[in-house]
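Inspection log for the structure reproduced underneath, given as structure tokens.
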Amino acid sequence: MTPPVLELRALSRAFPHGRGAPVVAVDGMDLRVEPGELACLVGPSGCGKSTLLRLIGGYLAPDAGAVRIDGVEVAGAPPERRSVGTVFQSYALFPHLSARENVAFGLRVRRVPAAQLRARVDAALDWVALDARARERRPRELSGGQQQRVALARVLVTEPRVLLLDEPFANLDRALRERLGEELRALQRARNLATVLVTHDQDEALALADRVAVMHAGRLEQVDAPAGVYERPRSAFVAAFFGAANLLRVVAVTGDALVLEGGLRLAAQALGAARAGDHVLVRPERLEVSVSAAGGPATDGDDGGASWRAQVVSATYRGADALLTLDAGGAALRARVAAKERPPAAGARVRVEVPAGAAWLVPASGRPLPETAAALT
Ligand code: ADP
Ligand code: MG
């Protein structure tokens with residue numbers, strides 16, 4: 001069996017922190033990335049994302065653990081000897097060199113003959129579609145998007161096996177970010193590069209990644225396909241990280257129902273292994289809100305769903321949809337309703353349906369996901 005292009009094993013790195021205990025920035029991390037795969041590393045500021053990239057890129061030495069590229073341990077090798085290309089958040093371009101010379105720099109360091117050099121630099125600038133005039137300009141004469149392209153070309157020209165990008169689009173506006181993200185995705189696939197992209201933008205991660213690695217305090221909480229981290233999070237942290245979430249605490253489990261905060265009931269069969277202290281996740285777009293059916297009793301549905309009564313606290317118009325804040329027996333719910341369905345206004349009494357399969361059990365911290373719950377997906 002061929003080894004993965006990039007493999008991290010029990011990788012750790014701490015930093016001294018005044019007189020106190022050291023900060024463990026990366027804490028025993030394992031990760032494998034295959035050729036052509038794009039792994040998005042996400043997590044809050046300070047969770048260790050940049051430290052991890054610096055360990056892989058060779059800009060920082062680990063305290064323990066291994067970094068393997070094509071199965072070969074690269075510990076101790078400097079960045080230019082490990083077939084890894086790193087694009088830093090700041091781009092780190094040389095201000096006094098033209099775009100073209102910035103890209104050529106890495107090849108000059110590697111003593112690539114002049115005859116080859118020009119062709120390789122042109123090819124790299126073609127891949128990132130930098131226009132001809134911009135190639136002769138210095139970084140400060142380029143737009144943010146153009147600087148980003150130069151930074152990427154400068155790394156691609158060295159033909160790395162592994163591409164690392166630290167928040168590459170953080171300084172760009174949304175439209176450009178989305179366009180460059182798609183271009184990068186196509187380029188990285190076409191060149192079969194094992195890629196780790198750091199972002200704190202959860203939408204970007206869900207849109208671009210083959211797999212999303214969610215990092216929290218130096219550790220990986222979950223590594224999964226985008227739909228996995230969004231729809232089947234293994235912890236409340238992961239659930240809350242990806243967009244708005246209704247995370248309802250399980251107060252009690254009776255014979256056939258879960259009693260949630262606010263006295264809301266949900267058929268127990270759907271989430272049979274739940275215990276008090278766990279949470280039930282329902283994404284706002286999965287709730288079905290109707291005004292016409294506001295009367296009638298609340299039920300916990302025998303099909304695994306539920307039907308609750310609530311009052312609209314606020315409604316925020318957002319063009320394609322509206323975000324509703326609802327009060328259901330004291331529990332706050334968020335619902336997203338398509339604008340074409342004429343969202344109810346604040347004050348309206350509504351019925352909230354939880355369709356069968358829309359609820360997901362998030363076990364209390366430290367408790368593994370019960371197998372019965374996983375089997376329901
Ligand atoms: P992220 O990129 O996820 O925001 P970092 O990897 O930059 O996080 O930082 C992780 C933790 O390690 C933070 O607590 C940060 O303060 C600490 N840290 C990072 N680099 C250093 C350093 N060179 N010296 C001391 N502490 C550091
Ligand atoms: Mg960082």
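Each chain in the structure tokens gets a letter, A, B and so on, in the order shown; residues start at 1 in every chain, and ligands are counted from 1 in the order they appear.
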Against ligand 1, which residues of chain A fall within 12 Å? For each one I want the closest pair of atoms and the distance in Å (one decimal), counting only C-alpha atoms and all ligand atoms, rows by chain and increasing residue number, as a tab-separated table.
residue	atom	partner	partner_atom_place_in_ligand_line	distance
A:Ser12	CA	ligand 1	12 (O)	11.4
A:Arg13	CA	ligand 1	12 (O)	8.7
A:Ala14	CA	ligand 1	12 (O)	7.3
A:Phe15	CA	ligand 1	25 (C)	4.8
A:Pro16	CA	ligand 1	25 (C)	6.3
A:His17	CA	ligand 1	25 (C)	6.7
A:Gly18	CA	ligand 1	25 (C)	9.4
A:Ala21	CA	ligand 1	26 (N)	11.7
A:Pro22	CA	ligand 1	26 (N)	8.6
A:Val23	CA	ligand 1	14 (O)	6.0
A:Val24	CA	ligand 1	12 (O)	6.8
A:Ala25	CA	ligand 1	12 (O)	4.3
A:Val26	CA	ligand 1	10 (C)	7.4
A:Asp27	CA	ligand 1	10 (C)	10.5
A:Leu41	CA	ligand 1	3 (O)	9.2
A:Val42	CA	ligand 1	3 (O)	8.1
A:Gly43	CA	ligand 1	3 (O)	6.5
A:Pro44	CA	ligand 1	3 (O)	6.2
A:Ser45	CA	ligand 1	4 (O)	3.7
A:Gly46	CA	ligand 1	8 (O)	3.4
A:Cys47	CA	ligand 1	3 (O)	4.0
A:Gly48	CA	ligand 1	6 (O)	3.2
A:Lys49	CA	ligand 1	3 (O)	3.7
A:Ser50	CA	ligand 1	2 (O)	3.6
A:Thr51	CA	ligand 1	6 (O)	3.7
A:Leu52	CA	ligand 1	6 (O)	6.4
A:Leu53	CA	ligand 1	6 (O)	8.1
A:Arg54	CA	ligand 1	6 (O)	8.4
A:Leu55	CA	ligand 1	6 (O)	9.9
A:Tyr59	CA	ligand 1	23 (N)	10.7
A:Leu60	CA	ligand 1	23 (N)	8.9
A:Ala61	CA	ligand 1	23 (N)	11.3
A:Phe88	CA	ligand 1	2 (O)	11.0
A:Gln89	CA	ligand 1	2 (O)	9.9
A:Leu165	CA	ligand 1	2 (O)	11.5
A:Asp166	CA	ligand 1	2 (O)	8.1
A:Glu167	CA	ligand 1	2 (O)	8.9
A:Leu197	CA	ligand 1	2 (O)	11.6
A:Val198	CA	ligand 1	2 (O)	8.2
A:Thr199	CA	ligand 1	3 (O)	9.1
A:His200	CA	ligand 1	3 (O)	8.5
A:Val214	CA	ligand 1	3 (O)	10.8
A:Met215	CA	ligand 1	3 (O)	8.1
A:His216	CA	ligand 1	3 (O)	8.6
A:Ala217	CA	ligand 1	10 (C)	8.0
A:Gly218	CA	ligand 1	10 (C)	7.4
A:Arg219	CA	ligand 1	3 (O)	10.8
A:Leu220	CA	ligand 1	3 (O)	11.9
Would you save the residues of that selection, restricted to N, CA and C atoms, as a short mmCIF file (atom, residue, chain, number, x, y, z; two decimals), in the first residue's frame?
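Result went into selection.cif, see below:
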data_model
loop_
_atom_site.label_atom_id
_atom_site.label_comp_id
_atom_site.auth_asym_id
_atom_site.auth_seq_id
_atom_site.Cartn_x
_atom_site.Cartn_y
_atom_site.Cartn_z
N SER A 12 3.24 17.17 18.14
CA SER A 12 3.02 18.09 19.27
C SER A 12 4.04 19.21 19.26
N ARG A 13 3.58 20.37 19.72
CA ARG A 13 4.48 21.50 19.90
C ARG A 13 3.90 22.43 20.96
N ALA A 14 4.73 22.76 21.95
CA ALA A 14 4.33 23.70 23.00
C ALA A 14 5.21 24.93 22.94
N PHE A 15 4.72 26.04 23.50
CA PHE A 15 5.50 27.27 23.62
C PHE A 15 5.56 27.67 25.08
N PRO A 16 6.72 28.16 25.53
CA PRO A 16 6.78 28.68 26.90
C PRO A 16 5.82 29.85 27.04
N HIS A 17 5.28 30.00 28.23
CA HIS A 17 4.28 31.05 28.44
C HIS A 17 4.57 31.72 29.78
N GLY A 18 5.44 32.75 29.73
CA GLY A 18 5.81 33.45 30.95
C GLY A 18 6.32 32.47 31.99
N ALA A 21 2.38 27.50 32.95
CA ALA A 21 2.53 26.27 32.18
C ALA A 21 2.66 26.63 30.71
N PRO A 22 3.44 25.84 29.94
CA PRO A 22 3.57 26.12 28.51
C PRO A 22 2.21 26.01 27.81
N VAL A 23 2.07 26.76 26.71
CA VAL A 23 0.87 26.65 25.87
C VAL A 23 1.10 25.51 24.89
N VAL A 24 0.26 24.48 24.95
CA VAL A 24 0.38 23.38 24.00
C VAL A 24 -0.42 23.77 22.75
N ALA A 25 0.30 24.27 21.75
CA ALA A 25 -0.38 24.81 20.56
C ALA A 25 -0.89 23.69 19.65
N VAL A 26 -0.10 22.61 19.55
CA VAL A 26 -0.50 21.43 18.78
C VAL A 26 -0.28 20.22 19.68
N ASP A 27 -1.35 19.43 19.87
CA ASP A 27 -1.37 18.46 20.96
C ASP A 27 -1.64 17.05 20.44
N LEU A 41 -8.55 23.06 7.27
CA LEU A 41 -8.33 23.06 8.71
C LEU A 41 -9.03 24.29 9.27
N VAL A 42 -10.01 24.07 10.11
CA VAL A 42 -10.77 25.19 10.66
C VAL A 42 -10.72 25.15 12.18
N GLY A 43 -10.97 26.31 12.77
CA GLY A 43 -11.01 26.39 14.22
C GLY A 43 -10.85 27.83 14.63
N PRO A 44 -11.19 28.15 15.87
CA PRO A 44 -11.13 29.53 16.31
C PRO A 44 -9.69 30.05 16.40
N SER A 45 -9.58 31.35 16.45
CA SER A 45 -8.27 31.98 16.55
C SER A 45 -7.52 31.42 17.76
N GLY A 46 -6.25 31.10 17.58
CA GLY A 46 -5.43 30.64 18.69
C GLY A 46 -5.50 29.14 18.94
N CYS A 47 -6.22 28.37 18.09
CA CYS A 47 -6.37 26.93 18.36
C CYS A 47 -5.17 26.13 17.85
N GLY A 48 -4.24 26.79 17.12
CA GLY A 48 -3.03 26.08 16.71
C GLY A 48 -2.88 25.84 15.21
N LYS A 49 -3.74 26.43 14.41
CA LYS A 49 -3.73 26.17 12.97
C LYS A 49 -2.41 26.59 12.32
N SER A 50 -1.98 27.82 12.58
CA SER A 50 -0.74 28.30 11.94
C SER A 50 0.46 27.52 12.45
N THR A 51 0.46 27.18 13.72
CA THR A 51 1.56 26.39 14.28
C THR A 51 1.65 25.05 13.55
N LEU A 52 0.51 24.43 13.30
CA LEU A 52 0.50 23.14 12.60
C LEU A 52 1.11 23.29 11.20
N LEU A 53 0.71 24.33 10.47
CA LEU A 53 1.27 24.53 9.13
C LEU A 53 2.77 24.77 9.20
N ARG A 54 3.21 25.52 10.19
CA ARG A 54 4.66 25.79 10.30
C ARG A 54 5.44 24.51 10.61
N LEU A 55 4.82 23.60 11.36
CA LEU A 55 5.46 22.30 11.64
C LEU A 55 5.56 21.47 10.36
N TYR A 59 9.10 25.24 9.19
CA TYR A 59 9.48 26.54 9.77
C TYR A 59 9.58 26.48 11.29
N LEU A 60 9.21 25.34 11.84
CA LEU A 60 9.17 25.16 13.28
C LEU A 60 9.41 23.68 13.54
N ALA A 61 10.16 23.37 14.61
CA ALA A 61 10.44 21.96 14.92
C ALA A 61 9.42 21.44 15.94
N PHE A 88 1.78 31.97 2.94
CA PHE A 88 1.48 32.57 4.24
C PHE A 88 0.35 33.59 4.11
N GLN A 89 -0.30 33.82 5.23
CA GLN A 89 -1.44 34.74 5.25
C GLN A 89 -1.03 36.13 4.78
N LEU A 165 -1.76 26.39 2.77
CA LEU A 165 -2.23 27.77 2.62
C LEU A 165 -2.82 28.25 3.94
N ASP A 166 -2.28 29.34 4.46
CA ASP A 166 -2.75 29.85 5.75
C ASP A 166 -3.68 31.05 5.52
N GLU A 167 -4.97 30.82 5.65
CA GLU A 167 -5.98 31.87 5.45
C GLU A 167 -5.69 32.69 4.19
N LEU A 197 -5.60 23.67 3.65
CA LEU A 197 -5.98 25.08 3.61
C LEU A 197 -6.57 25.46 4.96
N VAL A 198 -5.95 26.46 5.60
CA VAL A 198 -6.46 26.94 6.88
C VAL A 198 -7.44 28.07 6.62
N THR A 199 -8.57 28.02 7.27
CA THR A 199 -9.52 29.13 7.16
C THR A 199 -10.29 29.23 8.47
N HIS A 200 -10.76 30.44 8.79
CA HIS A 200 -11.69 30.50 9.91
C HIS A 200 -13.11 30.74 9.39
N VAL A 214 -11.66 19.85 12.03
CA VAL A 214 -12.04 20.89 13.00
C VAL A 214 -11.10 20.81 14.19
N MET A 215 -10.38 21.90 14.41
CA MET A 215 -9.36 21.94 15.45
C MET A 215 -9.86 22.78 16.62
N HIS A 216 -9.55 22.31 17.82
CA HIS A 216 -9.98 23.00 19.04
C HIS A 216 -8.91 22.80 20.08
N ALA A 217 -8.29 23.88 20.52
CA ALA A 217 -7.27 23.82 21.57
C ALA A 217 -6.19 22.77 21.26
N GLY A 218 -5.64 22.83 20.04
CA GLY A 218 -4.51 21.98 19.71
C GLY A 218 -4.84 20.57 19.29
N ARG A 219 -6.13 20.22 19.33
CA ARG A 219 -6.52 18.86 18.97
C ARG A 219 -7.56 18.87 17.86
N LEU A 220 -7.69 17.73 17.16
CA LEU A 220 -8.72 17.61 16.15
C LEU A 220 -9.99 17.06 16.80
#
Using DSSP on the backbone coordinates, identify the residues of region 23-74 of chain A assigned to alpha helix (DSSP H); present them as a ChimeraX atom specification.
/A:49-57
Which is closest to ligand 2 among A:Gln222, A:Leu180, A:Leu187, A:Ala170, if we use only C-alpha atoms and all ligand atoms?
A:Ala170
Name the residues in contact with Glu182 (chain A) at a cut-off of 12 Å, using only C-alpha atoms, excluding same-chain residues fewer than 2 positions from it; report them as an mmCIF file with N, CA and C atoms, in the first residue's frame.
data_model
loop_
_atom_site.group_PDB
_atom_site.id
_atom_site.type_symbol
_atom_site.label_atom_id
_atom_site.label_comp_id
_atom_site.auth_asym_id
_atom_site.auth_seq_id
_atom_site.Cartn_x
_atom_site.Cartn_y
_atom_site.Cartn_z
ATOM 1 N N LEU A 38 -8.103 18.042 -0.871
ATOM 2 C CA LEU A 38 -8.030 19.330 -0.201
ATOM 3 C C LEU A 38 -8.653 19.180 1.192
ATOM 4 N N VAL A 128 -1.896 30.655 -12.530
ATOM 5 C CA VAL A 128 -2.684 31.502 -11.626
ATOM 6 C C VAL A 128 -3.329 32.665 -12.387
ATOM 7 N N PHE A 169 -7.316 33.763 1.694
ATOM 8 C CA PHE A 169 -8.243 34.752 1.140
ATOM 9 C C PHE A 169 -8.751 35.726 2.199
ATOM 10 N N ALA A 175 -16.644 38.331 -2.948
ATOM 11 C CA ALA A 175 -16.788 37.859 -4.336
ATOM 12 C C ALA A 175 -15.457 37.318 -4.862
ATOM 13 N N LEU A 176 -14.381 38.054 -4.585
ATOM 14 C CA LEU A 176 -13.053 37.633 -5.039
ATOM 15 C C LEU A 176 -12.615 36.360 -4.321
ATOM 16 N N ARG A 177 -12.944 36.309 -3.027
ATOM 17 C CA ARG A 177 -12.605 35.133 -2.220
ATOM 18 C C ARG A 177 -13.233 33.884 -2.826
ATOM 19 N N GLU A 178 -14.499 33.997 -3.206
ATOM 20 C CA GLU A 178 -15.192 32.835 -3.764
ATOM 21 C C GLU A 178 -14.592 32.446 -5.106
ATOM 22 N N ARG A 179 -14.269 33.449 -5.935
ATOM 23 C CA ARG A 179 -13.724 33.135 -7.248
ATOM 24 C C ARG A 179 -12.339 32.490 -7.127
ATOM 25 N N LEU A 180 -11.471 33.094 -6.305
ATOM 26 C CA LEU A 180 -10.127 32.531 -6.138
ATOM 27 C C LEU A 180 -10.179 31.154 -5.493
ATOM 28 N N LEU A 184 -8.501 27.990 -7.161
ATOM 29 C CA LEU A 184 -7.513 27.212 -6.421
ATOM 30 C C LEU A 184 -7.902 25.732 -6.400
ATOM 31 N N ARG A 185 -9.188 25.487 -6.174
ATOM 32 C CA ARG A 185 -9.699 24.124 -6.118
ATOM 33 C C ARG A 185 -9.401 23.388 -7.423
ATOM 34 N N ALA A 186 -9.673 24.062 -8.540
ATOM 35 C CA ALA A 186 -9.466 23.453 -9.858
ATOM 36 C C ALA A 186 -7.969 23.191 -10.093
ATOM 37 N N LEU A 187 -7.147 24.156 -9.737
ATOM 38 C CA LEU A 187 -5.702 24.058 -9.937
ATOM 39 C C LEU A 187 -5.097 22.924 -9.109
ATOM 40 N N GLN A 188 -5.510 22.868 -7.871
ATOM 41 C CA GLN A 188 -4.986 21.902 -6.916
ATOM 42 C C GLN A 188 -5.378 20.490 -7.341
ATOM 43 N N ARG A 189 -6.599 20.345 -7.882
ATOM 44 C CA ARG A 189 -7.055 19.042 -8.387
ATOM 45 C C ARG A 189 -6.282 18.652 -9.629
ATOM 46 N N GLU A 204 -16.435 28.810 3.592
ATOM 47 C CA GLU A 204 -15.336 28.510 2.675
ATOM 48 C C GLU A 204 -14.905 27.047 2.843
ATOM 49 N N ALA A 205 -14.794 26.605 4.071
ATOM 50 C CA ALA A 205 -14.389 25.221 4.341
ATOM 51 C C ALA A 205 -15.404 24.240 3.752
ATOM 52 N N ALA A 207 -17.457 24.713 1.351
ATOM 53 C CA ALA A 207 -17.529 24.817 -0.108
ATOM 54 C C ALA A 207 -16.331 24.160 -0.793
ATOM 55 N N LEU A 208 -15.152 24.264 -0.205
ATOM 56 C CA LEU A 208 -13.935 23.848 -0.910
ATOM 57 C C LEU A 208 -13.419 22.465 -0.536
ATOM 58 N N ALA A 209 -13.690 22.023 0.672
ATOM 59 C CA ALA A 209 -12.961 20.872 1.212
ATOM 60 C C ALA A 209 -13.476 19.530 0.712
#
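One finds CA of Phe237 (chain A) at 15.2 Å from CA of Asp201 (chain A).
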Tell me which protein, DNA and RNA residues are within 9 Å of Val280 (chain A), counting only C-alpha atoms, leaving out same-chain ones fewer than 5 positions away, and put them as JSON, numbers by chain.
{"A": [246, 247, 248, 249, 250, 260, 271, 274, 359, 360, 361, 362, 363]}
Selection: 8 Å around Pro35 (chain A), only C-alpha atoms, excl. self and same-chain fewer than 4 positions, as an MDAnalysis selection string
chainID A and resid 4:5 192:194
Residues at most 12 Å from Leu142 (chain A), counting only C-alpha atoms, excluding those fewer than 6 positions away in the same chain, as a list in words?
Leu93, Pro95, Ser98, Ala99, Leu130, Asp131, Arg133, Ala134, Arg135, Glu136, Gln148, Arg149, Val150 and Ala151 of chain A
So that I can check the surroundings of Ala328 (chain A), please list as a list in words every protein, DNA and RNA residue that reaches within 8 Å of it, counting only C-alpha atoms and ignoring chain neighbours fewer than 2 positions away.
Gly262, Leu264, Trp308, Arg309, Ala310, Gln311, Leu326, Gly330, Ala331, Ala332 and Leu333 of chain A
Using DSSP on the backbone coordinates, identify all residues within region 137-346 of chain A classified as strand (DSSP E); present the result as an NGL selection string.
:A and (162-166 or 194-199 or 211-216 or 219-224 or 246-253 or 257-260 or 265-267 or 279-282 or 288-290 or 306-317 or 321-328 or 331-338)
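When only C-alpha atoms and all ligand atoms are used to compute distances to ligand 2, the closest of the residues A:Ser90, A:Arg211, A:Val291, A:Pro344 turns out to be A:Ser90.
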Figure out the distance between CA of Ala268 (chain A) and CA of Val253 (chain A), please, to one decimal in Å.
7.6 Å
Between CA of Asp122 (chain A) and CA of Asp210 (chain A), what is the distance in Å, rounded to a tenth?
29.6 Å
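Checking A:Pro226, A:Gly263, A:Gly57, A:Pro168 one by one against ligand 2, counting only C-alpha atoms and all ligand atoms, you find the shortest gap at A:Pro168.
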